[in-house]
>>> print(open('final.txt').read())   # compact mmCIF, N, CA and C atoms
# COMPACT_ATOMS: atom_id res chain seq x y z
N ARG A 14 -15.81 -7.61 -4.19
CA ARG A 14 -16.79 -8.15 -3.26
C ARG A 14 -16.78 -9.68 -3.26
N LYS A 15 -16.60 -10.24 -4.46
CA LYS A 15 -16.60 -11.70 -4.55
C LYS A 15 -15.42 -12.30 -3.79
N PHE A 16 -14.27 -11.63 -3.89
CA PHE A 16 -13.09 -12.13 -3.21
C PHE A 16 -13.28 -12.04 -1.70
N LYS A 17 -13.86 -10.94 -1.23
CA LYS A 17 -14.10 -10.80 0.20
C LYS A 17 -15.09 -11.86 0.67
N LYS A 18 -16.12 -12.09 -0.10
CA LYS A 18 -17.11 -13.12 0.24
C LYS A 18 -16.43 -14.49 0.32
N PHE A 19 -15.56 -14.77 -0.63
CA PHE A 19 -14.81 -16.03 -0.64
C PHE A 19 -13.95 -16.15 0.62
N LEU A 20 -13.23 -15.05 0.97
CA LEU A 20 -12.36 -15.09 2.14
C LEU A 20 -13.15 -15.25 3.44
N VAL A 21 -14.30 -14.59 3.53
CA VAL A 21 -15.15 -14.73 4.72
C VAL A 21 -15.61 -16.17 4.87
N LYS A 22 -15.98 -16.78 3.75
CA LYS A 22 -16.41 -18.18 3.77
C LYS A 22 -15.26 -19.09 4.20
N GLU A 23 -14.08 -18.86 3.63
CA GLU A 23 -12.91 -19.66 3.99
C GLU A 23 -12.54 -19.48 5.46
N HIS A 24 -12.66 -18.24 5.95
CA HIS A 24 -12.37 -17.97 7.35
C HIS A 24 -13.35 -18.72 8.26
N SER A 25 -14.61 -18.76 7.86
CA SER A 25 -15.61 -19.48 8.66
C SER A 25 -15.36 -20.98 8.69
N TYR A 26 -14.68 -21.49 7.66
CA TYR A 26 -14.29 -22.91 7.63
C TYR A 26 -13.02 -23.17 8.42
N GLY A 27 -12.40 -22.10 8.93
CA GLY A 27 -11.20 -22.26 9.73
C GLY A 27 -9.90 -22.15 8.96
N ASN A 28 -9.96 -21.65 7.73
CA ASN A 28 -8.75 -21.48 6.94
C ASN A 28 -7.89 -20.37 7.56
N PRO A 29 -6.68 -20.70 8.06
CA PRO A 29 -5.86 -19.69 8.74
C PRO A 29 -5.28 -18.64 7.79
N ASN A 30 -5.30 -18.89 6.49
CA ASN A 30 -4.77 -17.93 5.53
C ASN A 30 -5.77 -16.85 5.15
N ALA A 31 -7.02 -17.02 5.51
CA ALA A 31 -8.05 -16.06 5.11
C ALA A 31 -7.99 -14.77 5.93
N ALA A 32 -7.78 -14.89 7.23
CA ALA A 32 -7.83 -13.71 8.11
C ALA A 32 -6.81 -12.63 7.73
N PRO A 33 -5.56 -12.97 7.45
CA PRO A 33 -4.61 -11.90 7.08
C PRO A 33 -5.01 -11.15 5.81
N HIS A 34 -5.55 -11.86 4.84
CA HIS A 34 -6.00 -11.20 3.61
C HIS A 34 -7.23 -10.34 3.88
N LEU A 35 -8.11 -10.81 4.75
CA LEU A 35 -9.29 -10.02 5.11
C LEU A 35 -8.90 -8.70 5.77
N LYS A 36 -7.85 -8.71 6.60
CA LYS A 36 -7.40 -7.49 7.27
C LYS A 36 -6.97 -6.44 6.24
N ILE A 37 -6.26 -6.87 5.21
CA ILE A 37 -5.82 -5.94 4.17
C ILE A 37 -7.03 -5.36 3.44
N LEU A 38 -8.01 -6.20 3.14
CA LEU A 38 -9.23 -5.72 2.47
C LEU A 38 -10.02 -4.75 3.35
N GLU A 39 -10.04 -5.01 4.66
CA GLU A 39 -10.75 -4.12 5.58
C GLU A 39 -10.14 -2.72 5.59
N VAL A 40 -8.80 -2.66 5.56
CA VAL A 40 -8.14 -1.35 5.51
C VAL A 40 -8.50 -0.63 4.22
N GLU A 41 -8.51 -1.39 3.12
CA GLU A 41 -8.85 -0.79 1.83
C GLU A 41 -10.28 -0.24 1.85
N GLU A 42 -11.20 -1.01 2.40
CA GLU A 42 -12.59 -0.55 2.50
C GLU A 42 -12.70 0.71 3.36
N LEU A 43 -11.98 0.70 4.49
CA LEU A 43 -12.01 1.86 5.38
C LEU A 43 -11.49 3.11 4.67
N SER A 44 -10.47 2.94 3.85
CA SER A 44 -9.91 4.10 3.14
C SER A 44 -10.90 4.69 2.15
N PHE A 45 -11.82 3.88 1.65
CA PHE A 45 -12.86 4.40 0.75
C PHE A 45 -13.99 5.08 1.51
N LYS A 46 -14.24 4.62 2.74
CA LYS A 46 -15.38 5.11 3.51
C LYS A 46 -15.05 6.28 4.41
N SER A 47 -13.77 6.43 4.80
CA SER A 47 -13.41 7.43 5.79
C SER A 47 -12.25 8.29 5.32
N GLU A 48 -12.24 9.52 5.74
CA GLU A 48 -11.13 10.43 5.48
C GLU A 48 -10.43 10.78 6.79
N ILE A 49 -10.78 10.09 7.87
CA ILE A 49 -10.20 10.36 9.19
C ILE A 49 -8.85 9.63 9.27
N ALA A 50 -7.80 10.41 9.18
CA ALA A 50 -6.45 9.85 9.09
C ALA A 50 -6.10 8.98 10.30
N SER A 51 -6.51 9.39 11.49
CA SER A 51 -6.15 8.61 12.69
C SER A 51 -6.80 7.22 12.67
N ASP A 52 -8.04 7.12 12.21
CA ASP A 52 -8.70 5.82 12.12
C ASP A 52 -8.01 4.92 11.11
N ILE A 53 -7.67 5.50 9.97
CA ILE A 53 -7.00 4.73 8.92
C ILE A 53 -5.61 4.34 9.36
N LEU A 54 -4.89 5.25 10.01
CA LEU A 54 -3.56 4.95 10.51
C LEU A 54 -3.59 3.81 11.52
N ASN A 55 -4.57 3.84 12.43
CA ASN A 55 -4.71 2.76 13.41
C ASN A 55 -5.01 1.42 12.73
N ALA A 56 -5.87 1.44 11.74
CA ALA A 56 -6.20 0.21 11.01
C ALA A 56 -4.98 -0.32 10.27
N CYS A 57 -4.22 0.57 9.65
CA CYS A 57 -3.00 0.16 8.93
C CYS A 57 -1.99 -0.44 9.90
N THR A 58 -1.76 0.24 11.01
CA THR A 58 -0.79 -0.24 12.01
C THR A 58 -1.20 -1.59 12.57
N ASN A 59 -2.47 -1.75 12.85
CA ASN A 59 -2.99 -3.01 13.37
C ASN A 59 -2.79 -4.14 12.36
N THR A 60 -3.09 -3.88 11.11
CA THR A 60 -2.93 -4.89 10.06
C THR A 60 -1.47 -5.28 9.89
N ILE A 61 -0.58 -4.29 9.90
CA ILE A 61 0.85 -4.56 9.78
C ILE A 61 1.32 -5.42 10.95
N ARG A 62 0.88 -5.08 12.15
CA ARG A 62 1.28 -5.82 13.35
C ARG A 62 0.81 -7.27 13.27
N ILE A 63 -0.42 -7.48 12.84
CA ILE A 63 -0.95 -8.85 12.73
C ILE A 63 -0.16 -9.65 11.71
N GLN A 64 0.14 -9.04 10.57
CA GLN A 64 0.90 -9.76 9.53
C GLN A 64 2.28 -10.15 10.06
N SER A 65 2.89 -9.25 10.80
CA SER A 65 4.22 -9.51 11.36
C SER A 65 4.17 -10.64 12.39
N ILE A 66 3.20 -10.59 13.28
CA ILE A 66 3.06 -11.63 14.31
C ILE A 66 2.81 -12.99 13.68
N GLU A 67 1.98 -13.03 12.66
CA GLU A 67 1.65 -14.29 12.00
C GLU A 67 2.78 -14.81 11.11
N GLY A 68 3.76 -13.95 10.82
CA GLY A 68 4.90 -14.37 10.01
C GLY A 68 4.66 -14.33 8.51
N PHE A 69 3.65 -13.58 8.08
CA PHE A 69 3.37 -13.43 6.65
C PHE A 69 4.15 -12.22 6.12
N SER A 70 5.43 -12.43 5.83
CA SER A 70 6.31 -11.32 5.43
C SER A 70 5.79 -10.60 4.20
N TYR A 71 5.33 -11.35 3.21
CA TYR A 71 4.86 -10.69 1.99
C TYR A 71 3.62 -9.85 2.25
N LEU A 72 2.74 -10.29 3.15
CA LEU A 72 1.56 -9.50 3.48
C LEU A 72 1.92 -8.33 4.39
N GLU A 73 2.94 -8.50 5.22
CA GLU A 73 3.42 -7.39 6.04
C GLU A 73 3.97 -6.28 5.14
N ALA A 74 4.75 -6.67 4.14
CA ALA A 74 5.29 -5.70 3.19
C ALA A 74 4.16 -5.04 2.40
N LEU A 75 3.21 -5.84 1.95
CA LEU A 75 2.08 -5.32 1.19
C LEU A 75 1.25 -4.35 2.04
N ALA A 76 1.05 -4.68 3.32
CA ALA A 76 0.29 -3.81 4.22
C ALA A 76 1.02 -2.48 4.44
N ASN A 77 2.35 -2.52 4.53
CA ASN A 77 3.13 -1.29 4.65
C ASN A 77 3.02 -0.46 3.38
N GLU A 78 3.08 -1.11 2.24
CA GLU A 78 2.94 -0.41 0.97
C GLU A 78 1.54 0.20 0.85
N GLN A 79 0.54 -0.54 1.29
CA GLN A 79 -0.84 -0.05 1.29
C GLN A 79 -0.97 1.18 2.20
N ALA A 80 -0.35 1.11 3.38
CA ALA A 80 -0.40 2.24 4.31
C ALA A 80 0.24 3.47 3.67
N TYR A 81 1.37 3.27 2.99
CA TYR A 81 2.04 4.38 2.30
C TYR A 81 1.09 5.03 1.28
N ARG A 82 0.49 4.20 0.45
CA ARG A 82 -0.38 4.72 -0.62
C ARG A 82 -1.57 5.49 -0.04
N ILE A 83 -2.22 4.92 0.95
CA ILE A 83 -3.41 5.55 1.54
C ILE A 83 -3.05 6.83 2.29
N LEU A 84 -1.98 6.76 3.09
CA LEU A 84 -1.60 7.93 3.89
C LEU A 84 -1.06 9.06 3.01
N CYS A 85 -0.41 8.72 1.90
CA CYS A 85 0.01 9.76 0.94
C CYS A 85 -1.21 10.48 0.40
N HIS A 86 -2.22 9.71 0.06
CA HIS A 86 -3.46 10.30 -0.46
C HIS A 86 -4.08 11.26 0.56
N LEU A 87 -3.95 10.93 1.85
CA LEU A 87 -4.51 11.78 2.90
C LEU A 87 -3.57 12.92 3.28
N GLY A 88 -2.36 12.91 2.73
CA GLY A 88 -1.40 13.98 3.01
C GLY A 88 -0.67 13.83 4.33
N CYS A 89 -0.56 12.63 4.85
CA CYS A 89 0.15 12.39 6.12
C CYS A 89 1.66 12.45 5.90
N ALA A 90 2.33 13.15 6.77
CA ALA A 90 3.78 13.32 6.65
C ALA A 90 4.54 12.02 6.93
N THR A 91 3.94 11.10 7.64
CA THR A 91 4.63 9.86 8.01
C THR A 91 4.53 8.76 6.95
N ALA A 92 3.91 9.04 5.84
CA ALA A 92 3.67 8.01 4.83
C ALA A 92 4.95 7.35 4.33
N ASN A 93 6.01 8.14 4.14
CA ASN A 93 7.26 7.60 3.62
C ASN A 93 7.88 6.53 4.51
N VAL A 94 7.62 6.61 5.80
CA VAL A 94 8.13 5.61 6.74
C VAL A 94 7.61 4.22 6.35
N TYR A 95 6.35 4.17 5.95
CA TYR A 95 5.74 2.89 5.59
C TYR A 95 6.30 2.34 4.29
N LEU A 96 6.60 3.21 3.33
CA LEU A 96 7.21 2.75 2.09
C LEU A 96 8.61 2.19 2.35
N LYS A 97 9.38 2.90 3.15
CA LYS A 97 10.73 2.42 3.47
C LYS A 97 10.68 1.09 4.21
N GLN A 98 9.72 0.94 5.11
CA GLN A 98 9.57 -0.32 5.84
C GLN A 98 9.17 -1.44 4.88
N ALA A 99 8.27 -1.16 3.97
CA ALA A 99 7.86 -2.16 2.98
C ALA A 99 9.06 -2.61 2.15
N MET A 100 9.87 -1.65 1.74
CA MET A 100 11.04 -1.97 0.93
C MET A 100 12.02 -2.87 1.69
N LEU A 101 12.25 -2.56 2.96
CA LEU A 101 13.16 -3.38 3.76
C LEU A 101 12.61 -4.80 3.94
N ILE A 102 11.32 -4.91 4.14
CA ILE A 102 10.72 -6.24 4.31
C ILE A 102 10.80 -7.02 3.00
N TYR A 103 10.48 -6.37 1.89
CA TYR A 103 10.59 -7.05 0.60
C TYR A 103 12.01 -7.58 0.39
N ARG A 104 13.00 -6.75 0.68
CA ARG A 104 14.39 -7.13 0.41
C ARG A 104 14.94 -8.11 1.44
N ASP A 105 14.76 -7.81 2.74
CA ASP A 105 15.46 -8.56 3.78
C ASP A 105 14.69 -9.76 4.34
N LYS A 106 13.39 -9.63 4.52
CA LYS A 106 12.61 -10.72 5.11
C LYS A 106 12.05 -11.68 4.06
N TRP A 107 11.62 -11.12 2.94
CA TRP A 107 10.95 -11.94 1.94
C TRP A 107 11.87 -12.31 0.80
N GLY A 108 12.91 -11.52 0.58
CA GLY A 108 13.86 -11.80 -0.50
C GLY A 108 13.37 -11.39 -1.87
N ALA A 109 12.40 -10.50 -1.92
CA ALA A 109 11.85 -10.04 -3.20
C ALA A 109 12.66 -8.84 -3.69
N THR A 110 13.87 -9.13 -4.18
CA THR A 110 14.77 -8.05 -4.58
C THR A 110 14.27 -7.30 -5.80
N ALA A 111 13.57 -7.97 -6.70
CA ALA A 111 13.03 -7.27 -7.88
C ALA A 111 11.98 -6.24 -7.46
N LYS A 112 11.13 -6.60 -6.53
CA LYS A 112 10.12 -5.66 -6.02
C LYS A 112 10.81 -4.50 -5.30
N TYR A 113 11.84 -4.80 -4.51
CA TYR A 113 12.60 -3.77 -3.81
C TYR A 113 13.22 -2.80 -4.82
N THR A 114 13.84 -3.33 -5.85
CA THR A 114 14.49 -2.50 -6.87
C THR A 114 13.46 -1.65 -7.60
N TRP A 115 12.31 -2.23 -7.94
CA TRP A 115 11.26 -1.48 -8.62
C TRP A 115 10.79 -0.31 -7.76
N LEU A 116 10.54 -0.57 -6.47
CA LEU A 116 10.10 0.50 -5.57
C LEU A 116 11.18 1.56 -5.39
N LEU A 117 12.44 1.12 -5.32
CA LEU A 117 13.55 2.06 -5.18
C LEU A 117 13.64 2.99 -6.38
N GLU A 118 13.53 2.43 -7.58
CA GLU A 118 13.56 3.24 -8.80
C GLU A 118 12.38 4.19 -8.86
N ARG A 119 11.22 3.71 -8.48
CA ARG A 119 10.01 4.54 -8.48
C ARG A 119 10.16 5.69 -7.49
N MET A 120 10.71 5.38 -6.31
CA MET A 120 10.92 6.40 -5.29
C MET A 120 11.93 7.44 -5.75
N GLU A 121 13.01 6.99 -6.38
CA GLU A 121 14.01 7.93 -6.89
C GLU A 121 13.43 8.81 -7.98
N ASN A 122 12.60 8.25 -8.85
CA ASN A 122 11.95 9.05 -9.90
C ASN A 122 11.03 10.10 -9.31
N LEU A 123 10.28 9.73 -8.28
CA LEU A 123 9.39 10.71 -7.63
C LEU A 123 10.19 11.80 -6.94
N ASN A 124 11.32 11.43 -6.29
CA ASN A 124 12.16 12.44 -5.63
C ASN A 124 12.72 13.42 -6.65
N VAL A 125 13.14 12.94 -7.80
CA VAL A 125 13.65 13.81 -8.85
C VAL A 125 12.55 14.75 -9.32
N LEU A 126 11.35 14.21 -9.52
CA LEU A 126 10.23 15.04 -9.95
C LEU A 126 9.90 16.10 -8.90
N GLN A 127 9.94 15.72 -7.63
CA GLN A 127 9.58 16.67 -6.59
C GLN A 127 10.64 17.77 -6.44
N LYS A 128 11.92 17.45 -6.68
CA LYS A 128 12.97 18.45 -6.59
C LYS A 128 12.83 19.49 -7.70
N HIS A 129 12.36 19.08 -8.88
CA HIS A 129 12.30 19.96 -10.04
C HIS A 129 10.87 20.39 -10.39
N ARG A 130 9.96 20.19 -9.48
CA ARG A 130 8.58 20.53 -9.80
C ARG A 130 8.29 21.98 -9.46
N PRO A 131 7.26 22.53 -10.12
CA PRO A 131 6.85 23.88 -9.76
C PRO A 131 6.16 23.87 -8.40
N GLU A 132 5.98 25.04 -7.84
CA GLU A 132 5.27 25.19 -6.57
C GLU A 132 3.89 24.54 -6.70
N GLY A 133 3.51 23.70 -5.78
CA GLY A 133 2.22 23.00 -5.83
C GLY A 133 2.36 21.60 -5.31
N SER A 134 1.56 20.71 -5.80
CA SER A 134 1.61 19.34 -5.32
C SER A 134 1.69 18.36 -6.48
N VAL A 135 2.23 17.19 -6.16
CA VAL A 135 2.36 16.12 -7.15
C VAL A 135 1.31 15.07 -6.85
N LYS A 136 0.63 14.62 -7.89
CA LYS A 136 -0.34 13.53 -7.73
C LYS A 136 0.15 12.36 -8.55
N LEU A 137 0.18 11.18 -7.93
CA LEU A 137 0.55 9.95 -8.61
C LEU A 137 -0.71 9.11 -8.72
N HIS A 138 -1.05 8.73 -9.93
CA HIS A 138 -2.24 7.93 -10.16
C HIS A 138 -1.82 6.63 -10.84
N LEU A 139 -2.16 5.50 -10.23
CA LEU A 139 -1.88 4.20 -10.82
C LEU A 139 -3.18 3.66 -11.39
N SER A 140 -3.13 3.18 -12.62
CA SER A 140 -4.32 2.56 -13.21
C SER A 140 -3.91 1.29 -13.91
N THR A 141 -4.82 0.36 -13.99
CA THR A 141 -4.53 -0.90 -14.66
C THR A 141 -5.36 -1.01 -15.91
N GLU A 142 -4.73 -1.51 -16.94
CA GLU A 142 -5.42 -1.80 -18.20
C GLU A 142 -5.02 -3.21 -18.58
N GLY A 143 -5.91 -4.16 -18.36
CA GLY A 143 -5.55 -5.56 -18.60
C GLY A 143 -4.51 -5.97 -17.59
N THR A 144 -3.32 -6.35 -18.05
CA THR A 144 -2.26 -6.76 -17.15
C THR A 144 -1.19 -5.69 -16.98
N LYS A 145 -1.37 -4.54 -17.61
CA LYS A 145 -0.38 -3.46 -17.52
C LYS A 145 -0.78 -2.46 -16.45
N VAL A 146 0.21 -1.96 -15.73
CA VAL A 146 -0.02 -0.90 -14.76
C VAL A 146 0.56 0.37 -15.34
N ARG A 147 -0.21 1.43 -15.31
CA ARG A 147 0.23 2.71 -15.87
C ARG A 147 0.28 3.75 -14.76
N GLU A 148 1.39 4.47 -14.68
CA GLU A 148 1.53 5.55 -13.72
C GLU A 148 1.32 6.88 -14.43
N GLU A 149 0.52 7.72 -13.86
CA GLU A 149 0.33 9.07 -14.39
C GLU A 149 0.71 10.04 -13.29
N ILE A 150 1.61 10.94 -13.60
CA ILE A 150 2.04 11.93 -12.64
C ILE A 150 1.59 13.29 -13.15
N SER A 151 0.88 14.02 -12.29
CA SER A 151 0.41 15.34 -12.71
C SER A 151 0.77 16.36 -11.63
N PHE A 152 0.90 17.59 -12.05
CA PHE A 152 1.24 18.67 -11.14
C PHE A 152 0.04 19.60 -11.00
N GLU A 153 -0.20 20.04 -9.76
CA GLU A 153 -1.24 21.04 -9.53
C GLU A 153 -0.54 22.30 -9.05
N GLN A 154 -0.76 23.38 -9.75
CA GLN A 154 -0.15 24.66 -9.40
C GLN A 154 -0.87 25.28 -8.23
N LYS A 155 -0.10 25.94 -7.34
CA LYS A 155 -0.71 26.71 -6.28
C LYS A 155 -1.24 28.01 -6.85
N SER A 156 -2.38 28.43 -6.38
CA SER A 156 -2.99 29.68 -6.88
C SER A 156 -2.50 30.86 -6.11
>>> encode(input="final.txt", output="structure tokens")
Amino acid sequence: RKFKKFLVKEHSYGNPNAAPHLKILEVEELSFKSEIASDILNACTNTIRIQSIEGFSYLEALANEQAYRILCHLGCATANVYLKQAMLIYRDKWGATAKYTWLLERMENLNVLQKHRPEGSVKLHLSTEGTKVREEISFEQKS
């Protein structure tokens, strides 16, 4: 909340860097408040488009990654498109090859898990503890 308040204040002062960050926060807020996939998809697409038009490659990639994470949670079949787009932007537009490689390895690990998983669904949970990010992968069996 404090960061959003700070960005709103900066935006009111005319800071051009505040609006793109606010758009990403708005999508995040919407994902907590709504389970309507079409509304969230429209918000994600709009945010990605704005980041692209403004030339903020890193925020465009981040918005695509955000769309992937949120849409996966909602079970949308198109979620992988956003991850692939984020990866291409990280690698080709922004030059963040380490981030691209990390996402590629993570994606390959998930594909391996999904090929060898029991009938059911895979849940990926990311949590932070201090400065470390921890991934927990769990399987839910179909009844």
>>> residues_around(input="final.txt", residues="Arg82 (chain A)", least_positions_apart="4", cutoff="8 Å", atoms="only N, CA and C atoms", output="ChimeraX atom specification")
/A:76-78,86-88,92-93,95-96
>>> closest_residue(input="final.txt", among="A:Leu43, A:Ala74, A:Val21, A:Ala56", to="Ile102 (chain A)", atoms="all atoms listed in the file")
A:Ala74
>>> residues_around(input="final.txt", residues="region 106-115 of chain A", least_positions_apart="5", cutoff="6 Å", atoms="only N, CA and C atoms", output="ChimeraX atom specification")
/A:70-71,100-101,120
>>> closest_residue(input="final.txt", among="A:Glu73, A:Glu118, A:Leu84, A:Asn30", to="Ala99 (chain A)", atoms="only N, CA and C atoms")
A:Glu73
>>> atom_distance(input="final.txt", atom1="CA of Gln64 (chain A)", atom2="atom C of Phe16 (chain A)")
18.2 Å
>>> atom_distance(input="final.txt", atom1="CA of Ile37 (chain A)", atom2="CA of Gly68 (chain A)")
14.8 Å
>>> atom_distance(input="final.txt", atom1="CA of Gly27 (chain A)", atom2="CA of Glu67 (chain A)")
15.3 Å
>>> select_by_dssp(input="final.txt", residues="region 27-99 of chain A", states="helix (DSSP H, G or I)", output="ChimeraX atom specification")
/A:31-46,50-67,70-87,92-99
>>> closest_residue(input="final.txt", among="A:Leu20, A:Tyr26, A:Phe45, A:Leu54", to="Ala80 (chain A)", atoms="only N, CA and C atoms")
A:Leu54
>>> closest_residue(input="final.txt", among="A:Ala31, A:Arg62, A:Cys85, A:Leu117", to="Phe19 (chain A)", atoms="all atoms listed in the file")
A:Ala31
>>> closest_residue(input="final.txt", among="A:Cys57, A:Ile63, A:Asn122, A:Cys89", to="Glu39 (chain A)", atoms="all atoms listed in the file")
A:Cys57
>>> axis_aligned_box(input="final.txt", around="region 102-118 of chain A", padding_each_side="3 Å", output="lines of an AutoDock Vina configuration file")
center_x = 12.8
center_y = -4.1
center_z = -1.9
size_x = 11.4
size_y = 22.5
size_z = 20.0
>>> decode(input="final.txt", residues="region 38-66 of chain A", atoms="N, CA and C atoms", output="short mmCIF file (atom, residue, chain, number, x, y, z; two decimals), in the first residue's frame")
data_model
loop_
_atom_site.label_atom_id
_atom_site.label_comp_id
_atom_site.auth_asym_id
_atom_site.auth_seq_id
_atom_site.Cartn_x
_atom_site.Cartn_y
_atom_site.Cartn_z
N LEU A 38 0.61 -2.70 -10.68
CA LEU A 38 -0.02 -2.87 -9.36
C LEU A 38 -1.53 -3.02 -9.48
N GLU A 39 -2.15 -2.30 -10.41
CA GLU A 39 -3.60 -2.40 -10.60
C GLU A 39 -4.00 -3.81 -11.03
N VAL A 40 -3.21 -4.40 -11.92
CA VAL A 40 -3.51 -5.78 -12.35
C VAL A 40 -3.39 -6.72 -11.16
N GLU A 41 -2.35 -6.51 -10.36
CA GLU A 41 -2.16 -7.37 -9.18
C GLU A 41 -3.34 -7.24 -8.22
N GLU A 42 -3.79 -6.02 -7.98
CA GLU A 42 -4.95 -5.81 -7.11
C GLU A 42 -6.20 -6.48 -7.67
N LEU A 43 -6.40 -6.33 -8.98
CA LEU A 43 -7.56 -6.94 -9.61
C LEU A 43 -7.54 -8.46 -9.46
N SER A 44 -6.36 -9.04 -9.55
CA SER A 44 -6.26 -10.50 -9.43
C SER A 44 -6.63 -10.98 -8.04
N PHE A 45 -6.46 -10.13 -7.04
CA PHE A 45 -6.86 -10.49 -5.67
C PHE A 45 -8.36 -10.31 -5.45
N LYS A 46 -8.95 -9.35 -6.17
CA LYS A 46 -10.35 -9.00 -5.95
C LYS A 46 -11.31 -9.77 -6.85
N SER A 47 -10.83 -10.26 -8.00
CA SER A 47 -11.74 -10.85 -8.98
C SER A 47 -11.24 -12.22 -9.43
N GLU A 48 -12.16 -13.08 -9.75
CA GLU A 48 -11.84 -14.38 -10.33
C GLU A 48 -12.36 -14.45 -11.76
N ILE A 49 -12.80 -13.32 -12.31
CA ILE A 49 -13.35 -13.28 -13.67
C ILE A 49 -12.17 -13.18 -14.64
N ALA A 50 -11.91 -14.29 -15.30
CA ALA A 50 -10.73 -14.40 -16.16
C ALA A 50 -10.72 -13.35 -17.28
N SER A 51 -11.88 -13.07 -17.86
CA SER A 51 -11.91 -12.11 -18.98
C SER A 51 -11.52 -10.70 -18.52
N ASP A 52 -11.96 -10.30 -17.33
CA ASP A 52 -11.58 -8.98 -16.81
C ASP A 52 -10.09 -8.90 -16.54
N ILE A 53 -9.56 -9.95 -15.95
CA ILE A 53 -8.13 -9.98 -15.63
C ILE A 53 -7.32 -10.05 -16.91
N LEU A 54 -7.76 -10.84 -17.88
CA LEU A 54 -7.06 -10.94 -19.16
C LEU A 54 -7.03 -9.59 -19.87
N ASN A 55 -8.15 -8.87 -19.85
CA ASN A 55 -8.20 -7.54 -20.47
C ASN A 55 -7.25 -6.57 -19.77
N ALA A 56 -7.22 -6.62 -18.45
CA ALA A 56 -6.32 -5.74 -17.69
C ALA A 56 -4.86 -6.08 -17.99
N CYS A 57 -4.54 -7.36 -18.06
CA CYS A 57 -3.17 -7.79 -18.37
C CYS A 57 -2.77 -7.32 -19.76
N THR A 58 -3.64 -7.55 -20.73
CA THR A 58 -3.36 -7.16 -22.12
C THR A 58 -3.17 -5.66 -22.24
N ASN A 59 -4.02 -4.91 -21.57
CA ASN A 59 -3.92 -3.45 -21.59
C ASN A 59 -2.60 -2.98 -20.99
N THR A 60 -2.22 -3.56 -19.87
CA THR A 60 -0.96 -3.18 -19.21
C THR A 60 0.24 -3.51 -20.10
N ILE A 61 0.22 -4.69 -20.72
CA ILE A 61 1.31 -5.08 -21.61
C ILE A 61 1.41 -4.10 -22.78
N ARG A 62 0.27 -3.76 -23.35
CA ARG A 62 0.24 -2.84 -24.49
C ARG A 62 0.81 -1.47 -24.11
N ILE A 63 0.42 -0.97 -22.95
CA ILE A 63 0.92 0.34 -22.50
C ILE A 63 2.43 0.30 -22.29
N GLN A 64 2.92 -0.77 -21.67
CA GLN A 64 4.37 -0.87 -21.43
C GLN A 64 5.12 -0.90 -22.76
N SER A 65 4.57 -1.61 -23.72
CA SER A 65 5.20 -1.71 -25.04
C SER A 65 5.22 -0.36 -25.75
N ILE A 66 4.09 0.33 -25.73
CA ILE A 66 4.00 1.65 -26.38
C ILE A 66 4.96 2.64 -25.75
#
